[in-house]
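Coordinates as given in upload.csv (CSV, C-alpha atoms and all ligand atoms):
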```csv
chain,number,residue,atom,x,y,z
A,9,MET,CA,0.0,0.0,0.0
A,10,GLN,CA,1.1,3.6,-0.8
A,11,PHE,CA,0.9,6.4,1.7
A,12,ARG,CA,-0.3,8.7,-1.1
A,13,ASP,CA,-0.7,6.8,-4.4
A,14,LEU,CA,0.5,9.2,-7.0
A,15,LYS,CA,1.1,6.4,-9.5
A,16,LYS,CA,-2.5,5.4,-9.4
A,17,GLN,CA,-3.5,9.0,-10.0
A,18,TYR,CA,-1.2,9.2,-13.0
A,19,ASN,CA,-2.6,6.0,-14.5
A,20,VAL,CA,-6.1,7.4,-14.2
A,21,LEU,CA,-5.1,10.7,-15.8
A,22,LYS,CA,-2.4,9.2,-18.1
A,23,GLU,CA,-3.9,10.0,-21.5
A,24,GLU,CA,-4.6,13.7,-20.9
A,25,MET,CA,-1.4,14.1,-18.8
A,26,ASP,CA,0.9,12.6,-21.5
A,27,ARG,CA,-0.7,14.8,-24.1
A,28,ALA,CA,-0.2,17.9,-21.9
A,29,MET,CA,3.5,17.1,-21.2
A,30,ILE,CA,4.3,16.3,-24.8
A,31,GLU,CA,2.6,19.5,-26.0
A,32,VAL,CA,5.0,21.5,-23.8
A,33,ALA,CA,8.0,19.5,-24.9
A,34,GLY,CA,7.2,20.2,-28.5
A,35,SER,CA,6.5,23.9,-28.0
A,36,SER,CA,10.0,24.8,-26.7
A,37,GLN,CA,8.3,27.5,-24.5
A,38,TYR,CA,9.7,25.8,-21.3
A,39,ILE,CA,9.8,29.1,-19.3
A,40,ASN,CA,6.8,31.4,-19.2
A,41,GLY,CA,4.8,29.5,-21.8
A,42,PRO,CA,1.1,30.2,-22.1
A,43,TRP,CA,0.2,27.4,-19.7
A,44,VAL,CA,1.5,29.5,-16.7
A,45,LYS,CA,-0.9,32.4,-17.3
A,46,GLU,CA,-3.8,30.1,-18.1
A,47,LEU,CA,-3.2,28.2,-14.9
A,48,GLU,CA,-2.9,31.4,-12.8
A,49,ALA,CA,-6.3,32.5,-14.2
A,50,GLN,CA,-7.9,29.1,-13.4
A,51,LEU,CA,-6.4,29.1,-9.9
A,52,ALA,CA,-7.6,32.6,-9.1
A,53,ASP,CA,-11.0,31.8,-10.4
A,54,TYR,CA,-11.3,28.6,-8.3
A,55,VAL,CA,-10.1,30.2,-5.1
A,56,GLY,CA,-12.1,33.3,-5.7
A,57,VAL,CA,-9.4,36.0,-5.5
A,58,LYS,CA,-8.3,38.7,-7.9
A,59,HIS,CA,-4.6,37.6,-8.4
A,60,CYS,CA,-2.7,34.4,-8.5
A,61,ILE,CA,1.1,34.6,-9.0
A,62,THR,CA,2.7,31.2,-9.4
A,63,CYS,CA,6.3,30.5,-8.3
A,64,ALA,CA,8.9,27.8,-7.8
A,65,ASN,CA,7.7,26.2,-4.5
A,66,GLY,CA,5.5,26.8,-1.4
A,67,THR,CA,8.5,28.1,0.6
A,68,ASP,CA,9.3,30.7,-1.9
A,69,ALA,CA,5.6,31.7,-2.0
A,70,LEU,CA,5.9,32.4,1.8
A,71,SER,CA,9.2,34.3,1.3
A,72,ILE,CA,7.6,36.4,-1.5
A,73,ALA,CA,4.9,37.4,1.1
A,74,MET,CA,7.6,38.3,3.7
A,75,MET,CA,9.5,40.4,1.1
A,76,ALA,CA,6.4,42.1,-0.2
A,77,TRP,CA,5.5,43.2,3.3
A,78,GLY,CA,9.1,44.2,4.1
A,79,ILE,CA,9.4,41.9,7.1
A,80,LYS,CA,12.8,42.8,8.7
A,81,GLU,CA,14.9,42.7,11.9
A,82,GLY,CA,12.8,43.7,14.9
A,83,ASP,CA,9.6,42.4,13.5
A,84,ALA,CA,7.6,39.7,15.3
A,85,VAL,CA,5.8,37.2,13.1
A,86,PHE,CA,3.5,34.7,14.9
A,87,VAL,CA,3.7,31.1,13.7
A,88,PRO,CA,2.0,28.0,14.9
A,89,ASP,CA,4.4,25.7,17.0
A,90,PHE,CA,2.9,22.7,15.2
A,91,THR,CA,3.6,23.0,11.5
A,92,PHE,CA,6.2,22.3,8.7
A,93,PHE,CA,9.5,24.0,9.1
A,94,SER,CA,9.0,26.4,6.2
A,95,SER,CA,6.2,28.4,8.0
A,96,GLY,CA,8.8,29.7,10.4
A,97,GLU,CA,12.0,29.5,8.4
A,98,VAL,CA,10.9,32.2,6.0
A,99,VAL,CA,10.4,34.6,8.9
A,100,SER,CA,14.0,34.1,10.0
A,101,LEU,CA,15.3,34.2,6.4
A,102,ALA,CA,13.7,37.7,6.0
A,103,GLY,CA,15.4,38.8,9.2
A,104,GLY,CA,12.3,38.8,11.4
A,105,THR,CA,11.7,36.8,14.6
A,106,PRO,CA,9.2,33.9,14.5
A,107,VAL,CA,7.2,33.8,17.7
A,108,PHE,CA,5.8,30.3,18.1
A,109,VAL,CA,2.2,30.0,19.3
A,110,ASP,CA,0.3,27.0,20.6
A,111,VAL,CA,-2.4,25.3,18.5
A,112,ASP,CA,-5.9,24.1,19.3
A,113,LYS,CA,-5.9,20.5,20.4
A,114,ASP,CA,-9.0,19.5,18.3
A,115,THR,CA,-8.2,21.2,15.0
A,116,TYR,CA,-4.3,21.3,15.2
A,117,ASN,CA,-4.5,24.8,13.9
A,118,ILE,CA,-3.2,28.0,15.5
A,119,SER,CA,-5.2,29.0,18.6
A,120,ALA,CA,-6.6,32.5,18.4
A,121,GLU,CA,-6.6,32.7,22.2
A,122,SER,CA,-2.9,31.8,22.4
A,123,LEU,CA,-2.2,34.2,19.5
A,124,GLU,CA,-3.7,37.1,21.5
A,125,LYS,CA,-1.7,36.2,24.6
A,126,ALA,CA,1.5,36.1,22.6
A,127,ILE,CA,0.8,39.5,20.9
A,128,LEU,CA,0.2,41.1,24.2
A,129,LYS,CA,3.4,39.6,25.7
A,130,VAL,CA,5.5,40.8,22.8
A,131,LYS,CA,4.0,44.3,23.0
A,132,GLU,CA,4.6,44.4,26.8
A,133,GLU,CA,8.3,43.3,26.4
A,134,GLY,CA,8.7,46.1,23.8
A,135,LYS,CA,11.6,44.5,22.0
A,136,LEU,CA,9.8,43.4,18.8
A,137,THR,CA,7.0,44.9,16.7
A,138,PRO,CA,4.1,42.6,16.0
A,139,LYS,CA,3.7,42.6,12.2
A,140,ALA,CA,2.0,39.4,10.9
A,141,VAL,CA,0.7,35.9,11.7
A,142,VAL,CA,1.3,32.9,9.5
A,143,ALA,CA,-2.0,30.9,9.8
A,144,VAL,CA,-1.4,27.4,8.5
A,145,ASP,CA,-4.3,25.2,7.2
A,146,LEU,CA,-2.8,22.1,8.7
A,147,PHE,CA,-3.6,18.7,7.2
A,148,GLY,CA,-6.1,20.3,4.8
A,149,LEU,CA,-8.4,22.0,7.4
A,150,PRO,CA,-8.5,25.8,7.1
A,151,ALA,CA,-7.3,27.7,10.2
A,152,ASP,CA,-10.1,29.3,12.1
A,153,PHE,CA,-10.1,32.7,10.3
A,154,LYS,CA,-13.4,33.6,11.9
A,155,THR,CA,-11.6,34.0,15.2
A,156,LEU,CA,-8.2,35.0,13.8
A,157,ARG,CA,-9.3,38.0,11.7
A,158,PRO,CA,-10.8,40.1,14.5
A,159,ILE,CA,-7.6,39.6,16.6
A,160,ALA,CA,-5.3,40.5,13.6
A,161,ASP,CA,-7.4,43.6,13.0
A,162,LYS,CA,-7.5,44.6,16.7
A,163,TYR,CA,-3.7,44.6,16.9
A,164,GLY,CA,-3.1,45.8,13.3
A,165,ILE,CA,-1.2,42.7,12.1
A,166,LEU,CA,-1.4,41.1,8.7
A,167,ILE,CA,-2.5,37.5,8.0
A,168,LEU,CA,-0.5,35.2,5.8
A,169,GLU,CA,-2.5,32.1,5.1
A,170,ASP,CA,-0.1,29.2,4.6
A,171,GLY,CA,-2.4,27.0,2.5
A,172,ALA,CA,0.3,24.6,1.4
A,173,GLN,CA,-1.8,21.7,2.8
A,174,GLY,CA,-5.1,23.5,2.6
A,175,PHE,CA,-5.9,24.0,-1.1
A,176,GLY,CA,-9.5,23.1,-1.8
A,177,GLY,CA,-10.7,23.5,1.8
A,178,GLU,CA,-13.6,25.9,2.7
A,179,ILE,CA,-15.1,27.9,5.5
A,180,ASP,CA,-18.8,28.7,5.0
A,181,GLY,CA,-18.5,28.3,1.2
A,182,ARG,CA,-15.4,30.4,0.9
A,183,LYS,CA,-12.3,28.7,-0.4
A,184,ALA,CA,-8.9,28.3,1.4
A,185,CYS,CA,-6.1,30.5,0.0
A,186,SER,CA,-8.5,33.4,0.1
A,187,PHE,CA,-8.5,34.2,3.8
A,188,GLY,CA,-5.1,35.9,4.2
A,189,ASP,CA,-4.0,39.4,3.2
A,190,ILE,CA,-1.7,37.2,1.3
A,191,SER,CA,-2.3,33.5,0.9
A,192,THR,CA,0.1,30.8,-0.4
A,193,THR,CA,0.1,27.2,-1.5
A,194,SER,CA,2.5,24.5,-2.6
A,195,PHE,CA,2.3,22.1,-5.5
A,196,PHE,CA,4.8,19.6,-4.0
A,197,PRO,CA,3.7,16.3,-5.4
A,198,ALA,CA,2.1,15.0,-2.2
A,199,LYS,CA,0.0,18.1,-1.4
A,200,PRO,CA,-3.7,18.2,-2.2
A,201,LEU,CA,-3.0,19.7,-5.6
A,202,GLY,CA,0.5,18.6,-6.6
A,203,CYS,CA,2.6,18.7,-9.7
A,204,TYR,CA,5.5,16.5,-10.9
A,205,GLY,CA,8.2,18.4,-9.1
A,206,ASP,CA,8.2,21.7,-7.2
A,207,GLY,CA,5.7,24.5,-7.6
A,208,GLY,CA,3.9,27.1,-5.5
A,209,ALA,CA,1.6,30.1,-5.7
A,210,VAL,CA,0.7,33.4,-4.0
A,211,PHE,CA,-2.9,34.6,-3.9
A,212,THR,CA,-4.1,38.1,-3.1
A,213,ASP,CA,-6.9,40.6,-3.8
A,214,ASP,CA,-4.5,43.5,-3.4
A,215,ASP,CA,-3.3,45.0,-6.7
A,216,GLU,CA,-0.2,46.5,-5.2
A,217,ILE,CA,0.9,43.3,-3.5
A,218,ALA,CA,0.3,41.4,-6.7
A,219,ALA,CA,2.5,43.7,-8.6
A,220,LEU,CA,5.2,43.4,-6.0
A,221,ALA,CA,5.0,39.6,-6.0
A,222,GLN,CA,5.3,39.6,-9.7
A,223,SER,CA,8.4,41.7,-9.5
A,224,ILE,CA,10.0,39.8,-6.7
A,225,ARG,CA,9.7,36.4,-8.4
A,226,VAL,CA,11.7,37.7,-11.4
A,227,HIS,CA,14.8,39.2,-9.7
A,228,GLY,CA,12.9,42.3,-8.6
A,229,LYS,CA,12.2,43.4,-12.2
A,230,GLY,CA,10.9,46.9,-13.0
A,231,THR,CA,9.2,47.7,-16.3
A,232,MET,CA,11.3,45.1,-18.1
A,233,LYS,CA,13.5,42.1,-17.3
A,234,TYR,CA,16.8,43.9,-17.4
A,235,ASP,CA,15.6,46.8,-15.2
A,236,ASN,CA,15.9,45.6,-11.6
A,237,VAL,CA,14.3,47.9,-9.0
A,238,ARG,CA,14.5,45.7,-5.9
A,239,ILE,CA,16.3,42.6,-4.7
A,240,GLY,CA,14.1,39.6,-5.6
A,241,LEU,CA,14.3,35.9,-6.3
A,242,ASN,CA,14.4,33.6,-9.3
A,243,SER,CA,11.2,31.8,-8.6
A,244,ARG,CA,9.1,30.7,-11.6
A,245,LEU,CA,6.8,27.8,-12.1
A,246,ASP,CA,7.9,25.8,-15.2
A,247,SER,CA,5.6,25.6,-18.2
A,248,ILE,CA,5.5,21.8,-17.9
A,249,GLN,CA,4.4,22.0,-14.3
A,250,ALA,CA,1.7,24.5,-15.2
A,251,ALA,CA,0.4,22.2,-18.0
A,252,ILE,CA,0.4,19.2,-15.5
A,253,LEU,CA,-1.4,21.3,-12.9
A,254,GLN,CA,-4.1,22.2,-15.4
A,255,VAL,CA,-4.9,18.5,-15.9
A,256,LYS,CA,-4.7,17.9,-12.1
A,257,LEU,CA,-6.9,20.9,-11.2
A,258,LYS,CA,-9.6,19.6,-13.5
A,259,ALA,CA,-9.5,16.2,-11.8
A,260,PHE,CA,-9.4,17.9,-8.4
A,261,LYS,CA,-12.5,19.9,-9.1
A,262,ASP,CA,-14.3,17.1,-11.0
A,263,HIS,CA,-13.9,14.4,-8.4
A,264,GLU,CA,-10.7,14.2,-6.3
A,265,LEU,CA,-11.8,16.6,-3.6
A,266,ASP,CA,-15.2,14.8,-3.2
A,267,ASP,CA,-13.5,11.4,-3.3
A,268,VAL,CA,-10.9,12.2,-0.7
A,269,ASN,CA,-13.8,13.5,1.6
A,270,LYS,CA,-15.6,10.2,1.0
A,271,VAL,CA,-12.4,8.3,2.1
A,272,ALA,CA,-12.2,10.5,5.2
A,273,ASP,CA,-15.9,9.8,6.1
A,274,LYS,CA,-15.3,6.1,5.6
A,275,TYR,CA,-12.2,6.1,7.8
A,276,THR,CA,-14.0,8.0,10.5
A,277,GLU,CA,-17.0,5.6,10.4
A,278,LEU,CA,-14.9,2.4,10.5
A,279,LEU,CA,-12.3,3.7,13.0
A,280,SER,CA,-14.8,4.9,15.5
A,281,GLU,CA,-16.4,1.4,15.4
A,282,ALA,CA,-13.1,-0.5,15.5
A,283,LEU,CA,-11.1,1.6,18.0
A,284,GLY,CA,-13.6,3.3,20.3
A,285,ASP,CA,-11.6,5.6,22.7
A,286,LYS,CA,-8.2,4.1,21.9
A,287,ALA,CA,-7.7,6.8,19.3
A,288,THR,CA,-8.9,10.4,18.8
A,289,LEU,CA,-10.1,11.0,15.3
A,290,PRO,CA,-9.9,14.3,13.3
A,291,ILE,CA,-12.6,16.9,14.0
A,292,ILE,CA,-14.0,19.1,11.2
A,293,PRO,CA,-15.9,22.0,12.7
A,294,GLU,CA,-19.3,23.1,11.5
A,295,GLY,CA,-19.1,25.0,8.2
A,296,PHE,CA,-15.6,23.8,7.4
A,297,ILE,CA,-14.5,21.5,4.6
A,298,SER,CA,-11.0,19.9,4.7
A,299,SER,CA,-9.0,18.9,1.6
A,300,TRP,CA,-7.5,16.1,3.7
A,301,ALA,CA,-3.8,16.6,3.0
A,302,GLN,CA,-3.5,14.1,5.9
A,303,TYR,CA,-5.9,11.9,7.9
A,304,THR,CA,-4.3,12.1,11.3
A,305,VAL,CA,-5.3,10.3,14.5
A,306,ARG,CA,-4.0,10.6,18.0
A,307,LEU,CA,-3.0,7.6,20.1
A,308,LYS,CA,-2.3,7.4,23.8
A,309,GLY,CA,1.3,8.5,24.1
A,310,ARG,CA,4.7,8.4,22.3
A,311,GLU,CA,5.5,4.8,23.2
A,312,THR,CA,2.1,3.5,22.0
A,313,ARG,CA,2.3,5.7,18.8
A,314,ASP,CA,5.9,4.6,18.0
A,315,SER,CA,5.2,0.9,18.5
A,316,VAL,CA,1.9,1.1,16.5
A,317,GLN,CA,3.7,2.8,13.7
A,318,ALA,CA,6.4,0.1,13.7
A,319,ALA,CA,3.9,-2.7,13.8
A,320,LEU,CA,1.9,-1.2,10.9
A,321,LYS,CA,5.1,-0.9,8.9
A,322,GLU,CA,5.8,-4.6,9.5
A,323,LYS,CA,2.4,-5.4,8.0
A,324,GLY,CA,2.9,-3.2,5.0
A,325,ILE,CA,0.9,-0.2,6.1
A,326,PRO,CA,2.9,3.1,5.7
A,327,THR,CA,2.2,5.9,8.1
A,328,MET,CA,3.9,9.2,8.9
A,329,VAL,CA,4.5,11.3,12.0
A,330,TYR,CA,3.7,14.9,11.2
A,331,TYR,CA,5.3,16.4,13.2
A,332,PRO,CA,7.6,14.8,15.8
A,333,LYS,CA,9.1,18.1,17.2
A,334,PRO,CA,7.6,21.5,18.1
A,335,MET,CA,9.0,24.3,16.0
A,336,HIS,CA,10.4,26.2,19.0
A,337,CYS,CA,12.6,23.1,19.7
A,338,GLN,CA,14.2,23.1,16.2
A,339,GLN,CA,17.8,23.8,16.7
A,340,ALA,CA,17.9,26.2,13.7
A,341,PHE,CA,15.8,28.8,15.6
A,342,GLY,CA,18.4,28.9,18.4
A,343,ILE,CA,15.8,29.2,21.2
A,344,GLU,CA,17.5,28.0,24.4
A,345,GLY,CA,16.1,27.1,27.8
A,346,ASP,CA,12.4,27.0,28.7
A,347,TYR,CA,10.2,28.6,26.0
A,348,GLU,CA,8.4,31.7,27.3
A,349,PHE,CA,5.1,30.8,25.6
A,350,ASP,CA,2.9,27.9,26.7
A,351,CYS,CA,2.9,25.3,23.9
A,352,SER,CA,1.7,22.3,25.8
A,353,ASN,CA,-0.9,21.2,23.2
A,354,THR,CA,1.8,21.1,20.5
A,355,ALA,CA,4.0,19.0,22.8
A,356,GLU,CA,1.2,16.5,23.3
A,357,LEU,CA,0.4,16.3,19.6
A,358,CYS,CA,4.1,15.7,18.7
A,359,ASP,CA,3.9,12.7,21.0
A,360,THR,CA,0.7,11.2,19.8
A,361,VAL,CA,-0.2,12.0,16.2
A,362,LEU,CA,-0.1,9.4,13.4
A,363,SER,CA,-1.1,10.1,9.8
A,364,LEU,CA,-2.6,7.2,7.9
A,365,PRO,CA,-2.5,6.4,4.2
A,366,MET,CA,-4.7,9.0,2.5
A,367,HIS,CA,-5.6,10.0,-1.1
A,368,PRO,CA,-8.6,10.2,-3.4
A,369,TYR,CA,-7.9,6.9,-5.1
A,370,MET,CA,-8.1,4.7,-1.9
A,371,THR,CA,-10.7,2.0,-2.3
A,372,ASP,CA,-13.0,0.8,0.5
A,373,GLU,CA,-10.9,-2.3,0.6
A,374,ASP,CA,-7.7,-0.3,1.3
A,375,ILE,CA,-9.5,1.6,4.0
A,376,ARG,CA,-10.7,-1.6,5.6
A,377,THR,CA,-7.2,-3.1,5.5
A,378,VAL,CA,-5.8,-0.1,7.3
A,379,VAL,CA,-8.6,-0.1,9.9
A,380,GLU,CA,-8.4,-3.8,10.6
A,381,THR,CA,-4.6,-3.8,10.9
A,382,LEU,CA,-4.7,-0.8,13.2
A,383,LYS,CA,-7.3,-2.6,15.4
A,384,GLU,CA,-5.1,-5.7,15.4
A,385,VAL,CA,-1.9,-4.0,16.5
A,386,LEU,CA,-3.6,-1.9,19.1
B,1,LIG,C1,4.9,21.7,2.2
B,1,LIG,C2,4.7,22.9,3.1
B,1,LIG,C3,5.3,24.1,2.8
B,1,LIG,C4,6.4,24.3,1.8
B,1,LIG,O1,6.1,23.9,0.5
B,1,LIG,P1,7.3,23.5,-0.5
B,1,LIG,O2,6.6,23.6,-1.9
B,1,LIG,O3,7.8,22.2,-0.2
B,1,LIG,O4,8.4,24.6,-0.4
B,1,LIG,C5,5.1,25.2,3.6
B,1,LIG,N1,4.2,25.1,4.6
B,1,LIG,C6,3.5,24.0,4.9
B,1,LIG,C7,2.6,24.0,6.0
B,1,LIG,C8,3.8,22.8,4.1
B,1,LIG,O5,3.2,21.7,4.5
```
Can you turn what I pasted into structure tokens?
Amino acid sequence: MQFRDLKKQYNVLKEEMDRAMIEVAGSSQYINGPWVKELEAQLADYVGVKHCITCANGTDALSIAMMAWGIKEGDAVFVPDFTFFSSGEVVSLAGGTPVFVDVDKDTYNISAESLEKAILKVKEEGKLTPKAVVAVDLFGLPADFKTLRPIADKYGILILEDGAQGFGGEIDGRKACSFGDISTTSFFPAKPLGCYGDGGAVFTDDDEIAALAQSIRVHGKGTMKYDNVRIGLNSRLDSIQAAILQVKLKAFKDHELDDVNKVADKYTELLSEALGDKATLPIIPEGFISSWAQYTVRLKGRETRDSVQAALKEKGIPTMVYYPKPMHCQQAFGIEGDYEFDCSNTAELCDTVLSLPMHPYMTDEDIRTVVETLKEVL
């Protein structure tokens, strides 16, 4: 069994996919071909925002946001303690200070209450200026923007929605990647919408930010390519990836998002029957839709989790631990001693989470096999 079966997806989409890739190969427009602009229009339309600017990967998309906002030394950017490294890395790379904030234990997303406490503490200390929050749509579930937006507005900070895992999710009918002042996503192959290599995108309704992002991704270009008005990046999405993504976006809209939600429902139904209170299953709050980048359960402690994962591996069921370490414990950030912010939910999640095989092409039989095996090893 595959954790995320990209080969099966390719086999289903093969005819259309091969045609798309060969078309690009024969065109010789490998950089900035028409597929890139077409894709950007399709993505902006799907998400419901004015501008989509594609780029080389999801980490660059976050960096472009940091650069467009001019995040620099002395700026505090709040980041969930439970996320992928990139969400905080880009803050340090820009020269700012990531301030790690605990997450909600049920949704695994940044807690608005902990965010407000952290903002107040940073203001009181007076060393850093609160500038922005990176709200991550973890495992496919949009962060709770209904509670985050009033706090961001109250303290005058910007919201960067890191939708690398969240593309396709919704809150009250509004799509993920539309909630931030800037929102970003990643097209890394295993994400909800993935290409055949690296890719990413920036989304915004703000014309000025869109123009800045377009400049930053091409070496800070001015009116033309050889007029450079600011320091930027070399961060384009290849034509071939844009063509691949057009085929994938169609399948995503037509059936994949629905199919992956059916897999999640089936998992939840069978797991609650089979495991009772031995595992905590994911919770999707009222009005929210997840794009299920991961289906993540919680077990009773690190020892149980690690032994269950090893036993499943032995029986041919691949699982992943996202994430084994809180961000504030990552050596790269150089935070020493006790952390000044309470991140106890994150600590517990790092000890107990286990992500199960998950993708739109899982059959009922696959799901049953995972559930039965999990029941057996528990
Ligand atoms: C994958 C991921 C990224 C980075 O995306 P890349 O395309 O790999 O650079 C950023 N944030 C989160 C939450 C991610 O899961």
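Interatomic distance, atom CA of Cys203 of chain A against atom CA of Leu166 of chain A: 29.3 Å.
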- Message: Could you tell me how far atom CA of Tyr303 of chain A sits from atom CA of Ser191 of chain A, in Å to one decimal place?
- Response: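 Computing the Euclidean distance for atom CA of Ser191 of chain A and atom CA of Tyr303 of chain A yields 23.0 Å.
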- Task: Using all atoms listed in the file, find the one residue out of A:Phe108, A:Trp300, A:Phe147, A:Tyr275 that sits nearest to ligand LIG 1 (chain B).
- Result: A:Phe147
- Message: Any residue with an atom at most 10 Å from ligand LIG 1 (chain B) counts, using only C-alpha atoms and all ligand atoms. Which are they? Put them as a ChimeraX atom specification.
- Response: /A:63-71,88,90-98,142-148,169-174,192-199,202,205-209,301,330
- Message: Show me, as a list in words, the residues that have an atom within 7 Å of Ile179 of chain A when counting all atoms listed in the file, minus same-chain residues fewer than 6 positions from it.
- Response: Gly295, Phe296 and Ile297 of chain A
- Task: Please provide as an MDAnalysis selection string all residues within 12 Å of segment 244-249 of chain A, with the sequence filter that same-chain residues fewer than 4 positions apart are discarded (counting only C-alpha atoms).
- Result: chainID A and resid 25:48 61:66 68:69 72 194:197 201:210 221:227 240 253:257
- Name the residues in contact with Ala140 of chain A at a cut-off of 12 Å, using all atoms listed in the file, excluding same-chain residues fewer than 4 positions from it; report them as number ranges by chain. A: 73-74, 77-80, 83-87, 96, 99, 104-107, 123, 127, 136, 156-157, 159-161, 163-169, 188-190
Contact table segment 83-162 of chain A vs segment 351-372 of chain A, cut-off 8 Å, shortest pair per residue, only C-alpha atoms, as a Markdown table:
```
| residue | atom | partner | partner_atom | distance |
| --- | --- | --- | --- | --- |
| A:Asp89 | CA | A:Thr354 | CA | 6.3 |
| A:Phe90 | CA | A:Thr354 | CA | 5.6 |
| A:Val109 | CA | A:Cys351 | CA | 6.6 |
| A:Asp110 | CA | A:Cys351 | CA | 4.5 |
| A:Val111 | CA | A:Thr354 | CA | 6.3 |
| A:Asp112 | CA | A:Asn353 | CA | 7.0 |
| A:Lys113 | CA | A:Asn353 | CA | 5.8 |
```
Could you list, as a compact mmCIF listing (two decimals) with C-alpha atoms, in the frame of the given file, every residue within 8 Å of Lys308 of chain A, counting only C-alpha atoms and ignoring same-chain residues fewer than 5 positions away?
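Output (around.txt):
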```txt
# COMPACT_ATOMS: atom_id res chain seq x y z
CA LYS A 286 -8.20 4.10 21.90
CA ALA A 287 -7.70 6.80 19.30
CA ARG A 313 2.30 5.70 18.80
CA THR A 360 0.70 11.20 19.80
```
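Residue nearest Ile325 of chain A within the list A:Lys162, A:Arg238, A:Arg376, A:Lys131: A:Arg376 [criterion: smallest interatomic distance, all atoms listed in the file].
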- Task: Take atom CA of Leu386 of chain A and atom CA of Val329 of chain A and report the distance between them in Å, one decimal.
- Result: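 Calculated distance between atom CA of Leu386 of chain A and atom CA of Val329 of chain A is 17.0 Å.
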- Query: Between A:Glu23, A:Glu121, A:Asp114, A:Glu216, which has the minimum distance to Lys58 of chain A (counting all atoms listed in the file)?
  - Reply: A:Glu216
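Each of A:Ile291, A:Val385, A:Ala259, A:Ala318 was compared to Leu149 of chain A using all atoms listed in the file, and A:Ile291 turns out to be the nearest.
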- Message: Counting all atoms listed in the file, which residue out of A:Ala184, A:Ala251, A:Leu241, A:Cys337 sits closest to Thr212 of chain A?
- Response: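 Among the listed residues, A:Ala184 lies closest to Thr212 of chain A.
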- Message: I'd like to know which of A:Asp13, A:Asn19, A:Ser100, A:Leu382 is closest to Gly342 of chain A, using all atoms listed in the file.
- Response: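 The answer is A:Ser100, which sits nearest to Gly342 of chain A.
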